[in-house]
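**Student:** Below is the file target25.txt, with compact mmCIF, C-alpha atoms.
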# COMPACT_ATOMS: atom_id res chain seq x y z
CA MET I 887 -178.05 70.09 -38.60
CA ASN I 888 -176.73 72.53 -41.16
CA LYS I 889 -177.42 76.17 -41.78
CA GLY I 890 -176.39 77.19 -45.25
CA PRO I 891 -175.40 80.71 -46.28
CA SER I 892 -178.29 83.11 -46.84
CA ASN I 893 -180.14 82.98 -50.15
CA GLN I 894 -178.99 79.42 -50.78
CA HIS I 895 -180.79 76.09 -50.57
CA GLU I 896 -182.38 75.09 -47.26
CA TYR I 897 -180.68 71.71 -47.01
CA THR I 898 -183.79 69.87 -48.12
CA GLU I 899 -182.37 68.12 -51.20
CA ARG I 900 -182.93 64.42 -51.62
CA TYR I 901 -180.36 62.41 -49.61
CA ARG I 902 -179.19 65.52 -47.71
CA PRO I 903 -178.38 64.39 -44.13
CA GLN I 904 -180.14 66.33 -41.40
CA PHE I 905 -178.27 65.15 -38.28
CA HIS I 906 -174.83 64.91 -39.89
CA PHE I 907 -172.70 67.82 -41.03
CA SER I 908 -172.40 68.22 -44.80
CA THR I 909 -170.93 70.90 -47.02
CA PRO I 910 -173.24 73.20 -49.05
CA GLN I 911 -171.58 72.03 -52.26
CA GLY I 912 -168.42 70.36 -53.50
CA ASN I 913 -166.25 67.60 -52.07
CA LEU I 914 -165.99 67.11 -48.32
CA ALA I 915 -163.21 64.96 -46.84
CA ASP I 916 -161.12 64.70 -43.64
CA PRO I 917 -162.07 66.80 -40.61
CA ASN I 918 -159.23 69.20 -39.78
CA GLY I 919 -158.36 71.50 -36.90
CA LEU I 920 -161.30 70.70 -34.64
CA VAL I 921 -161.15 73.18 -31.76
CA TYR I 922 -163.40 74.77 -29.13
CA TYR I 923 -162.54 78.41 -28.47
CA ASN I 924 -164.47 81.26 -26.85
CA GLU I 925 -167.67 79.18 -26.63
CA THR I 926 -167.56 78.25 -30.31
CA TYR I 927 -166.78 74.94 -31.99
CA HIS I 928 -164.72 75.27 -35.16
CA LEU I 929 -164.90 72.49 -37.74
CA PHE I 930 -162.43 72.75 -40.60
CA HIS I 931 -162.37 70.06 -43.25
CA GLN I 932 -160.67 69.06 -46.48
CA LYS I 933 -162.16 70.45 -49.66
CA ASP I 934 -159.93 69.83 -52.69
CA GLY I 935 -156.75 70.61 -50.77
CA ASN I 936 -158.23 73.61 -48.95
CA TRP I 937 -159.52 74.01 -45.38
CA ALA I 938 -163.25 74.69 -45.47
CA HIS I 939 -164.68 76.18 -42.26
CA ALA I 940 -167.89 76.00 -40.21
CA ILE I 941 -168.79 77.03 -36.66
CA SER I 942 -171.33 75.91 -34.07
CA GLU I 943 -172.34 76.66 -30.49
CA ASP I 944 -173.74 73.19 -29.78
CA LEU I 945 -172.21 70.71 -32.30
CA LEU I 946 -175.68 70.33 -33.78
CA HIS I 947 -176.36 73.46 -35.83
CA TRP I 948 -173.58 74.71 -38.10
CA LYS I 949 -172.93 77.94 -39.95
CA HIS I 950 -170.70 77.67 -43.02
CA LEU I 951 -167.96 80.25 -43.53
CA PRO I 952 -165.54 81.07 -46.38
CA LEU I 953 -162.46 78.90 -46.92
CA ALA I 954 -159.93 79.34 -44.12
CA LEU I 955 -156.78 78.03 -45.85
CA GLU I 956 -156.42 77.92 -49.62
CA HIS I 957 -153.58 76.81 -51.89
CA ASP I 958 -150.46 79.02 -51.73
CA GLU I 959 -146.90 78.94 -53.09
CA LEU I 960 -146.29 75.76 -51.05
CA GLY I 961 -149.18 73.96 -52.71
CA GLN I 962 -152.20 72.45 -51.00
CA ALA I 963 -153.25 72.71 -47.37
CA LEU I 964 -153.82 69.08 -46.47
CA SER I 965 -155.09 67.66 -43.19
CA GLY I 966 -153.91 68.83 -39.80
CA SER I 967 -154.95 70.26 -36.44
CA VAL I 968 -155.47 73.46 -34.42
CA VAL I 969 -154.36 74.27 -30.86
CA VAL I 970 -154.98 77.18 -28.52
CA ASP I 971 -151.72 78.91 -27.64
CA HIS I 972 -152.95 80.22 -24.27
CA SER I 973 -149.51 81.30 -23.05
CA ASN I 974 -148.24 82.69 -26.37
CA HIS I 975 -145.42 80.17 -26.53
CA SER I 976 -145.19 80.92 -30.24
CA GLY I 977 -144.71 84.67 -29.76
CA LEU I 978 -147.18 85.28 -32.58
CA PHE I 979 -149.90 87.06 -30.61
CA ASP I 980 -149.78 90.65 -29.39
CA ARG I 981 -152.88 90.15 -27.25
CA GLY I 982 -151.37 87.18 -25.42
CA GLU I 983 -153.07 84.17 -26.99
CA GLY I 984 -154.50 82.84 -30.23
CA LEU I 985 -155.02 79.80 -32.43
CA VAL I 986 -152.28 77.96 -34.28
CA ALA I 987 -153.04 75.61 -37.17
CA PHE I 988 -150.74 72.88 -38.47
CA TYR I 989 -151.27 71.39 -41.90
CA THR I 990 -149.38 69.52 -44.59
CA SER I 991 -148.05 71.59 -47.49
CA THR I 992 -147.20 69.75 -50.70
CA GLU I 993 -144.82 71.68 -52.95
CA GLY I 994 -141.50 69.82 -53.14
CA GLY I 995 -142.80 66.95 -51.02
CA GLU I 996 -145.14 66.72 -48.05
CA ALA I 997 -144.01 68.90 -45.12
CA GLN I 998 -145.59 70.44 -42.02
CA SER I 999 -146.54 74.10 -42.15
CA LEU I 1000 -148.15 76.60 -39.79
CA ALA I 1001 -150.83 79.28 -39.88
CA TYR I 1002 -152.07 81.45 -37.02
CA ASN I 1003 -155.18 83.38 -36.09
CA CYS I 1004 -155.79 86.47 -33.95
CA ASP I 1005 -159.56 86.99 -34.35
CA ASP I 1006 -161.28 83.98 -32.74
CA GLY I 1007 -160.70 81.60 -35.62
CA PHE I 1008 -161.92 83.53 -38.64
CA THR I 1009 -158.90 85.03 -40.48
CA TRP I 1010 -155.67 83.07 -40.88
CA GLN I 1011 -152.12 84.15 -41.72
CA ARG I 1012 -149.40 81.83 -43.00
CA TYR I 1013 -146.19 81.68 -40.99
CA PRO I 1014 -143.54 83.40 -43.18
CA HIS I 1015 -140.91 80.68 -42.67
CA ASN I 1016 -142.98 77.62 -43.63
CA PRO I 1017 -142.56 74.71 -43.56
CA VAL I 1018 -141.70 74.32 -39.88
CA ILE I 1019 -140.77 70.66 -40.42
CA GLN I 1020 -139.14 69.75 -43.72
CA ASN I 1021 -139.79 66.45 -45.46
CA PRO I 1022 -137.20 63.92 -44.19
CA GLY I 1023 -136.95 62.25 -47.60
CA ILE I 1024 -140.05 60.04 -47.60
CA LYS I 1025 -143.20 59.94 -49.74
CA ASP I 1026 -145.86 59.89 -47.02
CA PHE I 1027 -145.30 62.56 -44.36
CA ARG I 1028 -148.55 64.26 -43.45
CA ASP I 1029 -151.54 65.00 -41.19
CA PRO I 1030 -149.90 66.66 -38.13
CA LYS I 1031 -151.84 66.33 -34.88
CA VAL I 1032 -150.54 68.70 -32.17
CA LEU I 1033 -151.30 68.65 -28.44
CA TRP I 1034 -149.89 70.02 -25.19
CA HIS I 1035 -148.30 67.34 -22.97
CA ASP I 1036 -148.52 68.50 -19.36
CA ASP I 1037 -146.20 66.00 -17.71
CA SER I 1038 -143.23 66.75 -19.98
CA ASN I 1039 -144.12 70.45 -20.33
CA ALA I 1040 -143.94 70.55 -24.13
CA TRP I 1041 -145.95 70.56 -27.32
CA VAL I 1042 -146.10 67.22 -29.12
CA MET I 1043 -146.80 66.55 -32.80
CA VAL I 1044 -147.67 63.13 -34.19
CA VAL I 1045 -147.31 62.76 -37.97
CA SER I 1046 -148.24 59.97 -40.36
CA THR I 1047 -145.11 58.41 -41.90
CA ASP I 1048 -146.26 55.67 -44.30
CA GLN I 1049 -147.29 52.73 -42.07
CA THR I 1050 -145.93 54.25 -38.86
CA VAL I 1051 -146.29 57.53 -36.99
CA SER I 1052 -143.49 59.83 -35.86
CA PHE I 1053 -143.40 62.08 -32.79
CA TYR I 1054 -141.88 65.57 -32.57
CA ARG I 1055 -141.52 67.97 -29.63
CA SER I 1056 -141.45 71.75 -29.32
CA HIS I 1057 -141.52 74.47 -26.66
CA ASN I 1058 -142.59 77.29 -28.98
CA LEU I 1059 -144.76 75.59 -31.67
CA VAL I 1060 -142.27 76.73 -34.32
CA ASP I 1061 -139.04 74.79 -33.73
CA TRP I 1062 -139.56 71.02 -33.67
CA THR I 1063 -137.27 68.13 -32.69
CA TYR I 1064 -137.83 64.49 -33.69
CA SER I 1065 -138.27 62.19 -30.68
CA SER I 1066 -139.48 58.71 -31.75
CA GLU I 1067 -141.40 56.48 -34.13
CA PHE I 1068 -144.16 53.96 -33.44
CA GLY I 1069 -145.87 51.32 -35.52
CA GLU I 1070 -143.42 48.97 -37.16
CA HIS I 1071 -144.74 45.42 -36.65
CA GLU I 1072 -147.63 46.88 -34.60
CA GLY I 1073 -151.28 46.45 -35.54
CA LEU I 1074 -152.69 46.39 -39.06
CA HIS I 1075 -150.28 46.95 -41.98
CA VAL I 1076 -152.32 46.58 -45.15
CA ALA I 1077 -152.17 50.20 -46.37
CA VAL I 1078 -150.85 53.65 -45.50
CA TRP I 1079 -151.60 55.07 -42.03
CA GLU I 1080 -153.21 58.51 -42.08
CA CYS I 1081 -154.69 61.22 -39.86
CA PRO I 1082 -153.23 60.20 -36.48
CA ASP I 1083 -154.72 61.36 -33.20
CA LEU I 1084 -153.42 61.00 -29.64
CA PHE I 1085 -155.34 61.62 -26.42
CA PRO I 1086 -155.67 60.39 -22.82
CA LEU I 1087 -158.86 58.79 -21.49
CA PRO I 1088 -159.85 57.69 -17.98
CA VAL I 1089 -160.18 53.94 -17.50
CA ASP I 1090 -163.77 53.04 -16.57
CA GLY I 1091 -164.41 56.67 -15.67
CA SER I 1092 -161.53 57.02 -13.18
CA ARG I 1093 -159.38 60.12 -13.73
CA ALA I 1094 -156.87 58.60 -11.30
CA ASN I 1095 -156.18 55.89 -13.88
CA GLU I 1096 -155.70 57.14 -17.42
CA LYS I 1097 -154.40 55.50 -20.57
CA TRP I 1098 -153.36 57.06 -23.87
CA VAL I 1099 -155.11 56.20 -27.12
CA LEU I 1100 -153.22 56.45 -30.42
CA HIS I 1101 -155.57 56.37 -33.40
CA VAL I 1102 -154.76 56.03 -37.12
CA SER I 1103 -156.86 55.54 -40.22
CA VAL I 1104 -155.78 52.86 -42.71
CA GLY I 1105 -156.09 53.44 -46.46
CA ASP I 1106 -157.98 51.44 -49.07
CA ASN I 1107 -157.02 47.77 -49.17
CA ASP I 1108 -158.46 44.38 -50.10
CA GLU I 1109 -158.22 42.83 -46.64
CA THR I 1110 -160.75 45.22 -45.09
CA LYS I 1111 -162.57 45.78 -48.41
CA GLY I 1112 -161.90 49.50 -48.37
CA SER I 1113 -160.40 51.94 -45.89
CA THR I 1114 -160.74 51.48 -42.13
CA ALA I 1115 -159.28 52.72 -38.82
CA GLN I 1116 -157.47 51.20 -35.85
CA TYR I 1117 -156.37 52.27 -32.37
CA PHE I 1118 -153.75 51.38 -29.78
CA ILE I 1119 -154.02 51.72 -25.99
CA GLY I 1120 -150.93 52.35 -23.92
CA GLU I 1121 -148.58 54.82 -22.27
CA PHE I 1122 -147.16 58.09 -23.61
CA ASP I 1123 -144.43 60.00 -21.78
CA GLY I 1124 -144.22 62.96 -24.14
CA TYR I 1125 -141.47 61.31 -26.16
CA ALA I 1126 -142.63 57.83 -27.17
CA PHE I 1127 -145.78 55.71 -27.22
CA HIS I 1128 -145.75 52.19 -25.75
CA ASN I 1129 -148.49 49.73 -26.69
CA ASP I 1130 -150.06 47.83 -23.76
CA ASN I 1131 -151.38 45.06 -26.01
CA PRO I 1132 -149.53 42.42 -28.05
CA ALA I 1133 -148.01 43.91 -31.20
CA ASP I 1134 -150.07 41.67 -33.49
CA GLU I 1135 -153.41 42.52 -31.84
CA VAL I 1136 -155.59 44.67 -34.10
CA LEU I 1137 -158.23 46.91 -32.53
CA ILE I 1138 -160.64 48.22 -35.17
CA THR I 1139 -162.25 51.58 -34.36
CA ASP I 1140 -165.54 51.15 -36.19
CA TYR I 1141 -166.71 48.07 -38.06
CA GLY I 1142 -168.87 50.16 -40.37
CA GLN I 1143 -167.31 50.94 -43.73
CA ASP I 1144 -167.77 54.70 -43.50
CA PHE I 1145 -165.71 56.19 -40.69
CA TYR I 1146 -162.32 57.67 -41.60
CA ALA I 1147 -159.82 60.33 -40.51
CA ALA I 1148 -161.50 60.87 -37.12
CA GLN I 1149 -160.15 63.75 -35.02
CA THR I 1150 -160.84 64.94 -31.47
CA PHE I 1151 -161.79 68.52 -30.60
CA TYR I 1152 -158.99 70.42 -28.88
CA ASN I 1153 -159.70 72.48 -25.73
CA VAL I 1154 -162.91 70.71 -24.65
CA ASN I 1155 -162.85 70.27 -20.87
CA HIS I 1156 -163.85 67.00 -19.17
CA ARG I 1157 -165.00 65.32 -22.37
CA THR I 1158 -163.26 63.84 -25.40
CA ILE I 1159 -165.36 64.33 -28.54
CA TRP I 1160 -164.53 63.43 -32.11
CA LEU I 1161 -166.08 62.99 -35.51
CA GLY I 1162 -164.90 61.38 -38.73
CA TRP I 1163 -165.40 61.59 -42.46
CA MET I 1164 -168.42 59.41 -43.19
CA ALA I 1165 -167.05 57.88 -46.36
CA ASN I 1166 -164.62 55.27 -47.65
CA TRP I 1167 -161.68 55.66 -50.02
CA ARG I 1168 -163.12 52.87 -52.16
CA TYR I 1169 -166.02 55.13 -53.24
CA PRO I 1170 -165.34 58.63 -51.86
CA TYR I 1171 -167.26 60.76 -54.38
CA GLN I 1172 -169.61 58.36 -56.11
CA SER I 1173 -172.84 59.04 -54.22
CA PRO I 1174 -175.79 60.54 -56.15
CA THR I 1175 -175.88 63.68 -54.01
CA ASN I 1176 -175.18 66.64 -56.28
CA PRO I 1177 -174.33 69.46 -55.45
CA TRP I 1178 -172.44 68.06 -52.45
CA MET I 1179 -170.32 64.98 -51.88
CA GLY I 1180 -169.65 63.63 -48.43
CA SER I 1181 -170.66 64.24 -44.83
CA MET I 1182 -169.31 63.84 -41.30
CA SER I 1183 -170.26 61.29 -38.70
CA PHE I 1184 -172.35 62.56 -35.82
CA PRO I 1185 -170.05 63.77 -33.01
CA ARG I 1186 -169.23 61.00 -30.53
CA GLU I 1187 -168.01 61.08 -26.93
CA LEU I 1188 -165.19 58.65 -26.18
CA SER I 1189 -164.37 56.51 -23.15
CA LEU I 1190 -162.28 53.49 -22.20
CA VAL I 1191 -164.22 50.59 -20.70
CA THR I 1192 -163.29 47.13 -19.46
CA ASN I 1193 -165.41 44.48 -21.19
CA ARG I 1194 -166.62 41.14 -19.80
CA GLU I 1195 -163.38 39.47 -20.86
CA GLY I 1196 -161.36 42.00 -18.84
CA GLN I 1197 -160.09 43.74 -21.98
CA LEU I 1198 -159.82 47.51 -22.20
CA ARG I 1199 -161.61 48.87 -25.26
CA LEU I 1200 -162.53 52.21 -26.82
CA ALA I 1201 -166.25 52.99 -26.49
CA GLN I 1202 -168.20 55.60 -28.44
CA GLN I 1203 -171.59 57.20 -27.82
CA PRO I 1204 -173.42 59.99 -29.67
CA ILE I 1205 -172.99 63.22 -27.72
CA ALA I 1206 -175.78 63.84 -25.22
CA GLU I 1207 -176.74 67.06 -27.04
CA ILE I 1208 -178.55 64.92 -29.61
CA GLU I 1209 -181.50 64.76 -27.22
CA GLN I 1210 -182.15 68.44 -27.93
CA LEU I 1211 -183.29 67.44 -31.42
CA ASN I 1212 -186.05 65.11 -30.21
CA SER I 1213 -189.56 66.41 -30.84
CA LYS I 1214 -191.60 63.33 -29.91
CA GLU I 1215 -191.04 59.80 -28.72
CA ARG I 1216 -192.58 56.45 -29.59
CA GLN I 1217 -191.99 53.23 -27.67
CA PHE I 1218 -192.38 49.67 -28.92
CA GLU I 1219 -193.21 46.61 -26.87
CA THR I 1220 -190.55 43.95 -26.42
CA PHE I 1221 -190.69 41.41 -29.25
CA GLU I 1222 -188.93 38.22 -30.32
CA VAL I 1223 -187.81 37.50 -33.85
CA GLN I 1224 -188.98 33.97 -34.69
CA ASP I 1225 -188.12 33.83 -38.39
CA GLU I 1226 -185.23 35.28 -40.36
CA SER I 1227 -186.64 38.80 -40.22
CA PHE I 1228 -189.18 40.97 -38.43
CA ARG I 1229 -190.78 44.13 -39.71
CA LEU I 1230 -191.13 47.07 -37.37
CA HIS I 1231 -194.07 49.14 -38.59
CA PHE I 1232 -192.73 52.65 -38.47
CA GLN I 1233 -192.25 55.46 -40.94
CA GLY I 1234 -190.20 58.61 -40.57
CA THR I 1235 -187.81 60.91 -42.37
CA ASN I 1236 -185.50 61.85 -39.48
CA TYR I 1237 -185.41 59.65 -36.42
CA LEU I 1238 -183.17 58.16 -33.76
CA LEU I 1239 -183.64 54.45 -33.09
CA GLU I 1240 -182.53 53.06 -29.73
CA ALA I 1241 -182.72 49.32 -29.12
CA THR I 1242 -181.33 46.66 -26.81
CA VAL I 1243 -180.70 43.36 -28.60
CA THR I 1244 -179.87 40.03 -26.91
CA TRP I 1245 -179.36 36.57 -28.38
CA GLU I 1246 -178.09 33.11 -27.54
CA GLU I 1247 -177.12 31.67 -30.91
CA LEU I 1248 -176.83 34.00 -33.86
CA ARG I 1249 -174.44 34.20 -36.80
CA GLU I 1250 -175.55 37.58 -38.12
CA PHE I 1251 -177.66 40.53 -37.03
CA GLY I 1252 -178.57 43.75 -38.81
CA LEU I 1253 -181.13 46.48 -39.38
CA ARG I 1254 -182.58 47.46 -42.74
CA LEU I 1255 -183.53 51.12 -42.81
CA ARG I 1256 -185.34 53.30 -45.34
CA HIS I 1257 -186.68 50.17 -46.99
CA GLY I 1258 -188.95 50.61 -50.01
CA ASP I 1259 -189.09 50.97 -53.79
CA GLY I 1260 -186.31 48.41 -54.12
CA VAL I 1261 -183.93 50.53 -52.01
CA GLU I 1262 -182.66 50.02 -48.49
CA ALA I 1263 -179.78 50.97 -46.24
Give the structure from this file in structure tokens form.
**Tutor:**
Amino acid sequence: MNKGPSNQHEYTERYRPQFHFSTPQGNLADPNGLVYYNETYHLFHQKDGNWAHAISEDLLHWKHLPLALEHDELGQALSGSVVVDHSNHSGLFDRGEGLVAFYTSTEGGEAQSLAYNCDDGFTWQRYPHNPVIQNPGIKDFRDPKVLWHDDSNAWVMVVSTDQTVSFYRSHNLVDWTYSSEFGEHEGLHVAVWECPDLFPLPVDGSRANEKWVLHVSVGDNDETKGSTAQYFIGEFDGYAFHNDNPADEVLITDYGQDFYAAQTFYNVNHRTIWLGWMANWRYPYQSPTNPWMGSMSFPRELSLVTNREGQLRLAQQPIAEIEQLNSKERQFETFEVQDESFRLHFQGTNYLLEATVTWEELREFGLRLRHGDGVEA
């Protein structure tokens, strides 16, 4: 749910999503710098090469704030991430800790730059010696995701490098050293890889057995009829990622067409939560939703589960907090679809539909929502 600035619209326009985050106006794109700090969730996102900013206490109700990072002498502030520098490794914080943002600057070629914050995420200062990682002489070099790697006692950055990702290491968040590259001949190679993310997850709920997930979004292409996303499961030692599956095996993150640039929230204990841009690069700003364009997926909690075939797969569920939005409940009796379709007699503006579907022989299954007046979803 969204809470717009005072004296503005009440988010009741036609097509305005009520469960999904959307910007008051303008173009929304990749989520950036998702972080939980001092009991507040910060959601930054792309808005014409700037970092727009919103905050929430529950991931459901959002307050929109002024732009956090705008264009400067190094050009745009493209996608990136935020970490909490608890131990002041960077030396940037007089009070002992703060937030550090990494983003891609564009002037003279894509490079990785830094900004930092001393007031709980609201006011940002550019590092005076940006960029902290210069462009190595390639066209696509963007979207830095930074995390702390406990076992090797260092900060790690994963960056999109065309159709691979590259890993860098640092002990102070300022000086970075290249360590490895992953992706050549691995997975899907039909378009540029973007917005990488890297995180550990317990296998079937066991913290004693964890695997690392490397996630990348894949740009617009004919094979997947638009943009998509894929993930790899394996081992990460702080220096290099090793894929557990065959190199030619492709694991698609979401078979819907509108889930891109997903990022996990940093500094959330005991849960891994992410959200993605609910759009596709084949039609990013063509929806009839003036004055805003684009929205985010509902936040999802991630896990690794072993399926019936013994394969380890990424699983996603809407965060449990969604139950707070329920006002009433209606149950339907079990039914069997005899013909090609079955109509469920129900009307509503905002609702959550939960169903268990089983079949023996079926080539295709789907739900038609908001059906009427020649329109359906």
**Student:** Considering all atoms listed in the file, return as a PyMOL selection string whatever protein or nucleic-acid residues lie within 10 Å of stretch 951-963 of chain I, sequence-local ones (same chain, fewer than 5 positions apart) excluded.
**Tutor:** chain I and resi 890-891+930-941+987-1001+1007-1012+1016-1017
**Student:** Can you pull out every residue within 10 Å of stretch 1082-1089 of chain I, counting all atoms listed in the file, but drop anything in the same chain fewer than 2 positions away, and send it as a PyMOL selection string?
**Tutor:** chain I and resi 966-967+1028-1033+1035+1042-1047+1050-1052+1079-1080+1091-1104+1115-1122+1127+1147-1150+1152+1156-1158+1188-1192+1198-1200
**Student:** For a test of reading the model, state the distance in Å between atom CA of I:Pro1177 and atom CA of I:Thr909, rounded to one decimal.
**Tutor:**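 Computing the Euclidean distance for atom CA of I:Pro1177 and atom CA of I:Thr909 yields 9.2 Å.
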**Student:** List every protein, DNA or RNA residue that has at least one atom no more than 8 Å from (-151.6, 48.0, -33.1) in the file's coordinates, counting all atoms listed in the file, and write the result as a list in words.
**Tutor:** Gly1069, Glu1072, Gly1073, Leu1074, Gln1116, Tyr1117, Phe1118, Asn1129, Asn1131, Pro1132, Ala1133, Asp1134, Glu1135, Val1136 and Leu1137 of chain I
**Student:** Can you write just those residues out, C-alpha atoms, as an mmCIF file, in the frame of the given file?
**Tutor:**
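Saved to part_17.cif:
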data_model
loop_
_atom_site.group_PDB
_atom_site.id
_atom_site.type_symbol
_atom_site.label_atom_id
_atom_site.label_comp_id
_atom_site.auth_asym_id
_atom_site.auth_seq_id
_atom_site.Cartn_x
_atom_site.Cartn_y
_atom_site.Cartn_z
ATOM 1 C CA GLY I 1069 -145.870 51.320 -35.520
ATOM 2 C CA GLU I 1072 -147.630 46.880 -34.600
ATOM 3 C CA GLY I 1073 -151.280 46.450 -35.540
ATOM 4 C CA LEU I 1074 -152.690 46.390 -39.060
ATOM 5 C CA GLN I 1116 -157.470 51.200 -35.850
ATOM 6 C CA TYR I 1117 -156.370 52.270 -32.370
ATOM 7 C CA PHE I 1118 -153.750 51.380 -29.780
ATOM 8 C CA ASN I 1129 -148.490 49.730 -26.690
ATOM 9 C CA ASN I 1131 -151.380 45.060 -26.010
ATOM 10 C CA PRO I 1132 -149.530 42.420 -28.050
ATOM 11 C CA ALA I 1133 -148.010 43.910 -31.200
ATOM 12 C CA ASP I 1134 -150.070 41.670 -33.490
ATOM 13 C CA GLU I 1135 -153.410 42.520 -31.840
ATOM 14 C CA VAL I 1136 -155.590 44.670 -34.100
ATOM 15 C CA LEU I 1137 -158.230 46.910 -32.530
#
**Student:** Excluding stretch 1180-1186 of chain I and its own-chain neighbours fewer than 2 positions away, which residues fall within 10 Å of it when counting all atoms listed in the file? Please give them as number ranges by chain.
**Tutor:** I: 887, 902-903, 905-909, 911-917, 931, 945-946, 1144-1146, 1148, 1150-1151, 1158-1166, 1170-1173, 1175, 1178, 1188-1189, 1201-1208
**Student:** Counting all atoms listed in the file, what is within 12 Å of I:Asn924, bar same-chain residues fewer than 6 positions away, as a PyMOL selection string?
**Tutor:** chain I and resi 941-943+970+972+983-985+1005-1007+1153-1154
**Student:** Env of I:Thr1244: 12 Å cut, atoms = only C-alpha atoms, seq-sep filter 5 positions within chain, self excluded. Answer as a VMD selection string.
**Tutor:** chain I and resid 1220 to 1223 1251
**Student:** Identify which of the residues I:Asp944, I:Arg981, I:Gln1143, I:Asp1130 lies closest to I:Leu1211, counting only C-alpha atoms when measuring atom-to-atom distances.
**Tutor:**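 The shortest atom-to-atom distance to I:Leu1211 comes from I:Asp944.
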**Student:** With only C-alpha atoms as the atoms that count, which of I:Phe979, I:Arg1168, I:Leu1238, I:Asp1061 lies nearest to I:Gln1210?
**Tutor:** I:Leu1238
